[in-house]
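**Student:** What follows is the file target-v4.cif, containing mmCIF, C-alpha atoms:
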data_protein
#
loop_
_atom_site.group_PDB
_atom_site.id
_atom_site.type_symbol
_atom_site.label_atom_id
_atom_site.label_comp_id
_atom_site.auth_asym_id
_atom_site.auth_seq_id
_atom_site.Cartn_x
_atom_site.Cartn_y
_atom_site.Cartn_z
ATOM 1 C CA MET A 1157 0.000 0.000 0.000
ATOM 2 C CA ILE A 1158 2.875 2.358 0.806
ATOM 3 C CA ARG A 1159 4.472 1.640 -2.588
ATOM 4 C CA LEU A 1160 1.202 2.428 -4.357
ATOM 5 C CA ALA A 1161 0.952 5.747 -2.496
ATOM 6 C CA ALA A 1162 4.569 6.551 -3.385
ATOM 7 C CA VAL A 1163 3.973 5.752 -7.067
ATOM 8 C CA ALA A 1164 0.798 7.875 -7.074
ATOM 9 C CA GLY A 1165 2.736 10.710 -5.458
ATOM 10 C CA LEU A 1166 5.492 10.495 -8.076
ATOM 11 C CA LEU A 1167 2.922 10.429 -10.886
ATOM 12 C CA SER A 1168 1.246 13.493 -9.401
ATOM 13 C CA VAL A 1169 4.543 15.374 -9.184
ATOM 14 C CA GLY A 1170 5.450 14.309 -12.713
ATOM 15 C CA LEU A 1171 2.114 15.457 -14.079
ATOM 16 C CA SER A 1172 2.466 18.767 -12.256
ATOM 17 C CA VAL A 1173 5.932 19.310 -13.742
ATOM 18 C CA MET A 1174 4.644 18.440 -17.233
ATOM 19 C CA LEU A 1175 1.757 20.919 -16.925
ATOM 20 C CA HIS A 1176 4.066 23.657 -15.652
ATOM 21 C CA THR A 1177 6.513 22.944 -18.483
ATOM 22 C CA ALA A 1178 3.692 23.167 -21.021
ATOM 23 C CA GLN A 1179 2.619 26.537 -19.588
ATOM 24 C CA VAL A 1180 6.172 27.875 -19.692
ATOM 25 C CA ARG A 1181 6.712 26.501 -23.209
ATOM 26 C CA GLY A 1182 3.462 28.155 -24.372
ATOM 27 C CA ALA A 1183 4.574 31.477 -22.917
ATOM 28 C CA ALA A 1184 8.010 31.142 -24.501
ATOM 29 C CA THR A 1185 6.620 30.427 -27.970
ATOM 30 C CA GLY A 1186 4.322 33.434 -27.854
ATOM 31 C CA GLN A 1187 1.110 31.454 -27.505
ATOM 32 C CA LEU A 1188 -1.265 33.506 -25.438
ATOM 33 C CA ASP A 1189 -4.551 32.118 -24.180
ATOM 34 C CA LEU A 1190 -6.895 34.607 -22.578
ATOM 35 C CA SER A 1191 -10.001 32.584 -23.499
ATOM 36 C CA ARG A 1192 -11.020 32.163 -19.833
ATOM 37 C CA ILE A 1193 -10.946 35.924 -19.291
ATOM 38 C CA ARG A 1194 -14.314 37.624 -19.667
ATOM 39 C CA ILE A 1195 -13.578 40.696 -17.526
ATOM 40 C CA LEU A 1196 -10.147 42.334 -17.433
ATOM 41 C CA ALA A 1197 -9.354 45.060 -14.916
ATOM 42 C CA ILE A 1198 -6.722 47.524 -16.066
ATOM 43 C CA ALA A 1199 -4.957 48.926 -13.031
ATOM 44 C CA PRO A 1200 -3.515 52.426 -13.155
ATOM 45 C CA PHE A 1201 0.030 52.122 -14.450
ATOM 46 C CA TYR A 1202 2.701 52.811 -11.880
ATOM 47 C CA ASP A 1203 5.761 55.034 -12.004
ATOM 48 C CA GLU A 1204 6.921 57.360 -9.291
ATOM 49 C CA VAL A 1205 10.412 57.924 -10.663
ATOM 50 C CA TYR A 1206 10.158 58.903 -14.326
ATOM 51 C CA ALA A 1207 6.758 60.311 -15.154
ATOM 52 C CA PRO A 1208 3.709 59.608 -12.944
ATOM 53 C CA ASP A 1209 1.409 61.589 -15.271
ATOM 54 C CA LEU A 1210 2.635 59.544 -18.219
ATOM 55 C CA ALA A 1211 1.935 56.335 -16.298
ATOM 56 C CA ALA A 1212 -1.633 57.464 -15.660
ATOM 57 C CA LEU A 1213 -2.037 58.170 -19.376
ATOM 58 C CA GLY A 1214 -0.781 54.659 -20.230
ATOM 59 C CA GLY A 1215 -3.507 52.833 -18.305
ATOM 60 C CA VAL A 1216 -6.232 55.154 -19.576
ATOM 61 C CA ARG A 1217 -5.140 54.893 -23.209
ATOM 62 C CA LEU A 1218 -4.851 51.106 -23.025
ATOM 63 C CA SER A 1219 -8.345 50.960 -21.531
ATOM 64 C CA GLU A 1220 -9.767 53.162 -24.303
ATOM 65 C CA LEU A 1221 -8.233 51.011 -27.026
ATOM 66 C CA ALA A 1222 -9.273 47.719 -25.389
ATOM 67 C CA THR A 1223 -12.947 48.645 -24.900
ATOM 68 C CA ARG A 1224 -13.531 47.824 -28.566
ATOM 69 C CA GLY A 1225 -12.356 44.245 -28.058
ATOM 70 C CA PRO A 1226 -13.840 40.910 -27.070
ATOM 71 C CA ILE A 1227 -13.135 41.221 -23.324
ATOM 72 C CA ARG A 1228 -15.088 43.515 -21.001
ATOM 73 C CA ILE A 1229 -12.742 46.113 -19.491
ATOM 74 C CA VAL A 1230 -12.815 47.611 -16.001
ATOM 75 C CA PRO A 1231 -11.126 51.009 -16.547
ATOM 76 C CA PRO A 1232 -8.237 52.303 -14.417
ATOM 77 C CA ALA A 1233 -10.411 54.934 -12.697
ATOM 78 C CA ASP A 1234 -12.742 52.244 -11.322
ATOM 79 C CA VAL A 1235 -9.792 50.088 -10.309
ATOM 80 C CA ALA A 1236 -8.141 53.081 -8.597
ATOM 81 C CA THR A 1237 -11.328 53.723 -6.598
ATOM 82 C CA GLU A 1238 -11.312 50.141 -5.289
ATOM 83 C CA MET A 1239 -7.581 50.292 -4.601
ATOM 84 C CA LYS A 1240 -8.114 53.397 -2.489
ATOM 85 C CA ARG A 1241 -11.012 51.749 -0.641
ATOM 86 C CA LEU A 1242 -8.838 48.690 0.047
ATOM 87 C CA GLY A 1243 -5.835 50.803 1.048
ATOM 88 C CA ILE A 1244 -3.669 49.362 -1.739
ATOM 89 C CA ALA A 1245 -1.119 51.698 -3.304
ATOM 90 C CA PRO A 1246 -0.216 51.289 -6.999
ATOM 91 C CA ALA A 1247 3.305 50.159 -6.044
ATOM 92 C CA ALA A 1248 1.789 47.259 -4.062
ATOM 93 C CA LEU A 1249 0.474 45.649 -7.256
ATOM 94 C CA VAL A 1250 3.822 43.924 -7.714
ATOM 95 C CA SER A 1251 2.414 41.530 -5.120
ATOM 96 C CA PRO A 1252 0.058 38.877 -6.526
ATOM 97 C CA THR A 1253 -1.899 38.973 -3.244
ATOM 98 C CA SER A 1254 -2.666 42.692 -3.644
ATOM 99 C CA THR A 1255 -3.438 42.260 -7.335
ATOM 100 C CA VAL A 1256 -5.870 39.401 -6.633
ATOM 101 C CA ALA A 1257 -7.596 41.438 -3.902
ATOM 102 C CA VAL A 1258 -8.144 44.298 -6.339
ATOM 103 C CA GLY A 1259 -9.343 41.914 -9.053
ATOM 104 C CA ARG A 1260 -11.884 40.342 -6.720
ATOM 105 C CA ALA A 1261 -13.082 43.758 -5.540
ATOM 106 C CA VAL A 1262 -13.889 44.864 -9.103
ATOM 107 C CA GLY A 1263 -15.278 41.473 -10.182
ATOM 108 C CA ALA A 1264 -12.548 40.795 -12.750
ATOM 109 C CA ASP A 1265 -11.226 37.464 -14.004
ATOM 110 C CA ALA A 1266 -7.763 38.981 -14.476
ATOM 111 C CA VAL A 1267 -5.881 42.182 -13.727
ATOM 112 C CA LEU A 1268 -3.468 43.915 -16.092
ATOM 113 C CA THR A 1269 -0.757 45.911 -14.350
ATOM 114 C CA GLY A 1270 1.801 48.172 -15.954
ATOM 115 C CA ARG A 1271 4.999 49.603 -14.526
ATOM 116 C CA ILE A 1272 6.979 52.256 -16.391
ATOM 117 C CA THR A 1273 10.637 51.247 -16.275
ATOM 118 C CA LEU A 1274 12.023 54.009 -18.505
ATOM 119 C CA ALA A 1275 10.747 57.288 -19.942
ATOM 120 C CA ILE A 1276 13.215 59.531 -21.755
ATOM 121 C CA ARG A 1277 13.191 62.338 -24.283
ATOM 122 C CA GLU A 1278 16.570 62.975 -25.871
ATOM 123 C CA ARG A 1279 18.416 64.260 -28.864
ATOM 124 C CA ASP A 1280 19.688 61.398 -31.005
ATOM 125 C CA ARG A 1281 23.364 62.305 -31.221
ATOM 126 C CA ASP A 1282 24.186 59.292 -33.405
ATOM 127 C CA ARG A 1283 22.030 60.315 -36.359
ATOM 128 C CA ASP A 1284 22.937 62.994 -38.844
ATOM 129 C CA ASP A 1285 19.904 62.535 -41.087
ATOM 130 C CA GLN A 1286 17.498 63.962 -38.474
ATOM 131 C CA SER A 1287 14.903 61.324 -39.461
ATOM 132 C CA LEU A 1288 13.576 61.111 -35.909
ATOM 133 C CA GLY A 1289 11.819 64.488 -35.756
ATOM 134 C CA GLY A 1290 14.817 66.751 -35.927
ATOM 135 C CA GLY A 1291 16.948 64.360 -33.976
ATOM 136 C CA ILE A 1292 14.668 64.395 -30.894
ATOM 137 C CA TYR A 1293 13.072 61.148 -29.787
ATOM 138 C CA SER A 1294 11.043 59.849 -26.872
ATOM 139 C CA ARG A 1295 11.175 56.338 -25.498
ATOM 140 C CA VAL A 1296 8.894 54.578 -23.040
ATOM 141 C CA ASP A 1297 9.541 51.103 -21.617
ATOM 142 C CA ALA A 1298 6.888 49.341 -19.543
ATOM 143 C CA SER A 1299 6.575 45.958 -17.896
ATOM 144 C CA ILE A 1300 3.071 44.583 -18.498
ATOM 145 C CA ARG A 1301 1.616 41.675 -16.534
ATOM 146 C CA VAL A 1302 -1.768 39.931 -16.664
ATOM 147 C CA LEU A 1303 -2.565 37.933 -13.539
ATOM 148 C CA GLU A 1304 -5.546 35.584 -13.386
ATOM 149 C CA VAL A 1305 -7.541 36.207 -10.196
ATOM 150 C CA ALA A 1306 -8.891 32.680 -9.557
ATOM 151 C CA THR A 1307 -5.606 30.821 -10.021
ATOM 152 C CA ARG A 1308 -3.064 33.583 -9.245
ATOM 153 C CA LEU A 1309 -1.237 32.495 -12.407
ATOM 154 C CA THR A 1310 0.649 35.041 -14.450
ATOM 155 C CA LEU A 1311 -0.921 34.627 -17.877
ATOM 156 C CA PHE A 1312 1.322 37.193 -19.521
ATOM 157 C CA HIS A 1313 4.420 39.157 -18.573
ATOM 158 C CA GLU A 1314 6.449 41.100 -21.082
ATOM 159 C CA THR A 1315 8.401 44.339 -21.433
ATOM 160 C CA PHE A 1316 7.265 46.687 -24.174
ATOM 161 C CA ILE A 1317 9.487 49.398 -25.644
ATOM 162 C CA CYS A 1318 8.264 52.150 -27.915
ATOM 163 C CA THR A 1319 10.316 54.963 -29.437
ATOM 164 C CA ALA A 1320 8.695 57.882 -31.220
ATOM 165 C CA PRO A 1321 10.002 61.003 -32.975
ATOM 166 C CA ALA A 1322 7.883 63.198 -30.753
ATOM 167 C CA SER A 1323 6.642 63.525 -27.172
ATOM 168 C CA LEU A 1324 6.571 60.939 -24.421
ATOM 169 C CA GLU A 1325 2.788 60.894 -24.784
ATOM 170 C CA VAL A 1326 3.115 59.740 -28.404
ATOM 171 C CA ALA A 1327 5.551 57.014 -27.329
ATOM 172 C CA MET A 1328 3.102 55.922 -24.596
ATOM 173 C CA ASP A 1329 0.256 55.781 -27.116
ATOM 174 C CA CYS A 1330 2.457 53.589 -29.344
ATOM 175 C CA LEU A 1331 3.177 51.323 -26.370
ATOM 176 C CA ALA A 1332 -0.531 51.036 -25.456
ATOM 177 C CA ARG A 1333 -1.352 50.099 -29.058
ATOM 178 C CA ASP A 1334 1.364 47.425 -29.029
ATOM 179 C CA VAL A 1335 0.005 45.921 -25.789
ATOM 180 C CA VAL A 1336 -3.569 45.829 -27.137
ATOM 181 C CA ARG A 1337 -2.360 44.172 -30.341
ATOM 182 C CA ARG A 1338 -0.168 41.610 -28.527
ATOM 183 C CA LEU A 1339 -2.932 40.656 -26.093
ATOM 184 C CA GLY A 1340 -5.619 40.555 -28.786
ATOM 185 C CA LEU A 1341 -7.763 43.076 -26.932
ATOM 186 C CA ALA A 1342 -9.011 44.874 -30.056
ATOM 187 C CA ARG A 1343 -11.135 43.545 -32.880
#
Rewrite the structure of this file - the entire thing - as structure tokens.
**Tutor:**
Amino acid sequence: MIRLAAVAGLLSVGLSVMLHTAQVRGAATGQLDLSRIRILAIAPFYDEVYAPDLAALGGVRLSELATRGPIRIVPPADVATEMKRLGIAPAALVSPTSTVAVGRAVGADAVLTGRITLAIRERDRDRDDQSLGGGIYSRVDASIRVLEVATRLTLFHETFICTAPASLEVAMDCLARDVVRRLGLAR
């Protein structure tokens, strides 16, 4: 009987490893399955170092673009209201526990969080042809994560980088469009 229990335990561990490997392999090959997600909460993007106003614009713009898609969107303003009620600061959304609490509070199946990791506007000193708007460019980098509320699984986590020959706001709009396209949130 003990041997049977040990074999069953090993089979269970093996199956668990195989499932985890399949999930990781799917993520690595770019396969993205959001089919279980009916309601997606978009949390206000977070950035206290580079450009907090730009971060706020990122979540709002992503929400606007995604409302035309197949998944119902809970906009950042509604998520921010629940975060305030729960006493959860935007920086706390790095924690899956905080993210799940917010997701449950707004009735979402998953929560999308965004963290600005770089926001710069510079003169491109390496280019003589001035093709980037007179040699001035803006770049925004953001880490985007989608966490499923019921399972606490990270369904998606990727860094997006967008460079534009104009303002940081234009670069953020480019980034939001890339996220919507990658996640299949627009029709």
**Student:** Atom CA of Ala1342 of chain A to atom CA of Val1256 of chain A: how many Å, to one decimal?
**Tutor:**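 Computed distance, atom CA of Ala1342 of chain A to atom CA of Val1256 of chain A, equals 24.3 Å.
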**Student:** One number please: atom CA of Arg1260 of chain A to atom CA of Glu1220 of chain A, in Å, one decimal.
**Tutor:**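 Result for atom CA of Arg1260 of chain A versus atom CA of Glu1220 of chain A: 21.9 Å, one decimal.
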**Student:** How many Å lie between atom CA of Ile1229 of chain A and atom CA of Val1326 of chain A, rounded to one decimal?
**Tutor:** 22.7 Å
**Student:** Have a look at A:Val1258, A:Leu1309, A:Val1250, A:Leu1274 and name the one nearest to Thr1237 of chain A; count only C-alpha atoms.
**Tutor:** A:Val1258
**Student:** Could you please give me, as a CSV table (one decimal) with C-alpha atoms, in the frame of the given file, the residues of protein, DNA or RNA lying at most 8 Å from (-4.3, 47.0, -17.1) in the coordinate frame of the file, considering all atoms listed in the file?
**Tutor:**
chain,number,residue,atom,x,y,z
A,1196,LEU,CA,-10.1,42.3,-17.4
A,1197,ALA,CA,-9.4,45.1,-14.9
A,1198,ILE,CA,-6.7,47.5,-16.1
A,1199,ALA,CA,-5.0,48.9,-13.0
A,1200,PRO,CA,-3.5,52.4,-13.2
A,1201,PHE,CA,0.0,52.1,-14.4
A,1215,GLY,CA,-3.5,52.8,-18.3
A,1218,LEU,CA,-4.9,51.1,-23.0
A,1219,SER,CA,-8.3,51.0,-21.5
A,1231,PRO,CA,-11.1,51.0,-16.5
A,1232,PRO,CA,-8.2,52.3,-14.4
A,1267,VAL,CA,-5.9,42.2,-13.7
A,1268,LEU,CA,-3.5,43.9,-16.1
A,1269,THR,CA,-0.8,45.9,-14.4
A,1270,GLY,CA,1.8,48.2,-16.0
A,1300,ILE,CA,3.1,44.6,-18.5
A,1301,ARG,CA,1.6,41.7,-16.5
A,1302,VAL,CA,-1.8,39.9,-16.7
**Student:** What does the PyMOL selection byres ((chain A and resi 1310) around 12) select in this file, as a PyMOL selection string?
**Tutor:** chain A and resi 1176+1179-1180+1183+1188-1190+1250-1252+1255-1256+1266-1269+1300-1309+1311-1314
**Student:** Between A:Gly1259, A:Pro1321, A:Gly1291, A:Gly1214, which is the closest to Ile1244 of chain A once you count all atoms listed in the file?
**Tutor:**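 With all atoms listed in the file as the atom set, the closest residue is A:Gly1259.
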**Student:** Given all atoms listed in the file as the basis, pick out the residue of A:Ala1207, A:Gly1243, A:Leu1213, A:Arg1224 nearest to Leu1331 of chain A.
**Tutor:**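 Closest residue, counting all atoms listed in the file: A:Leu1213.
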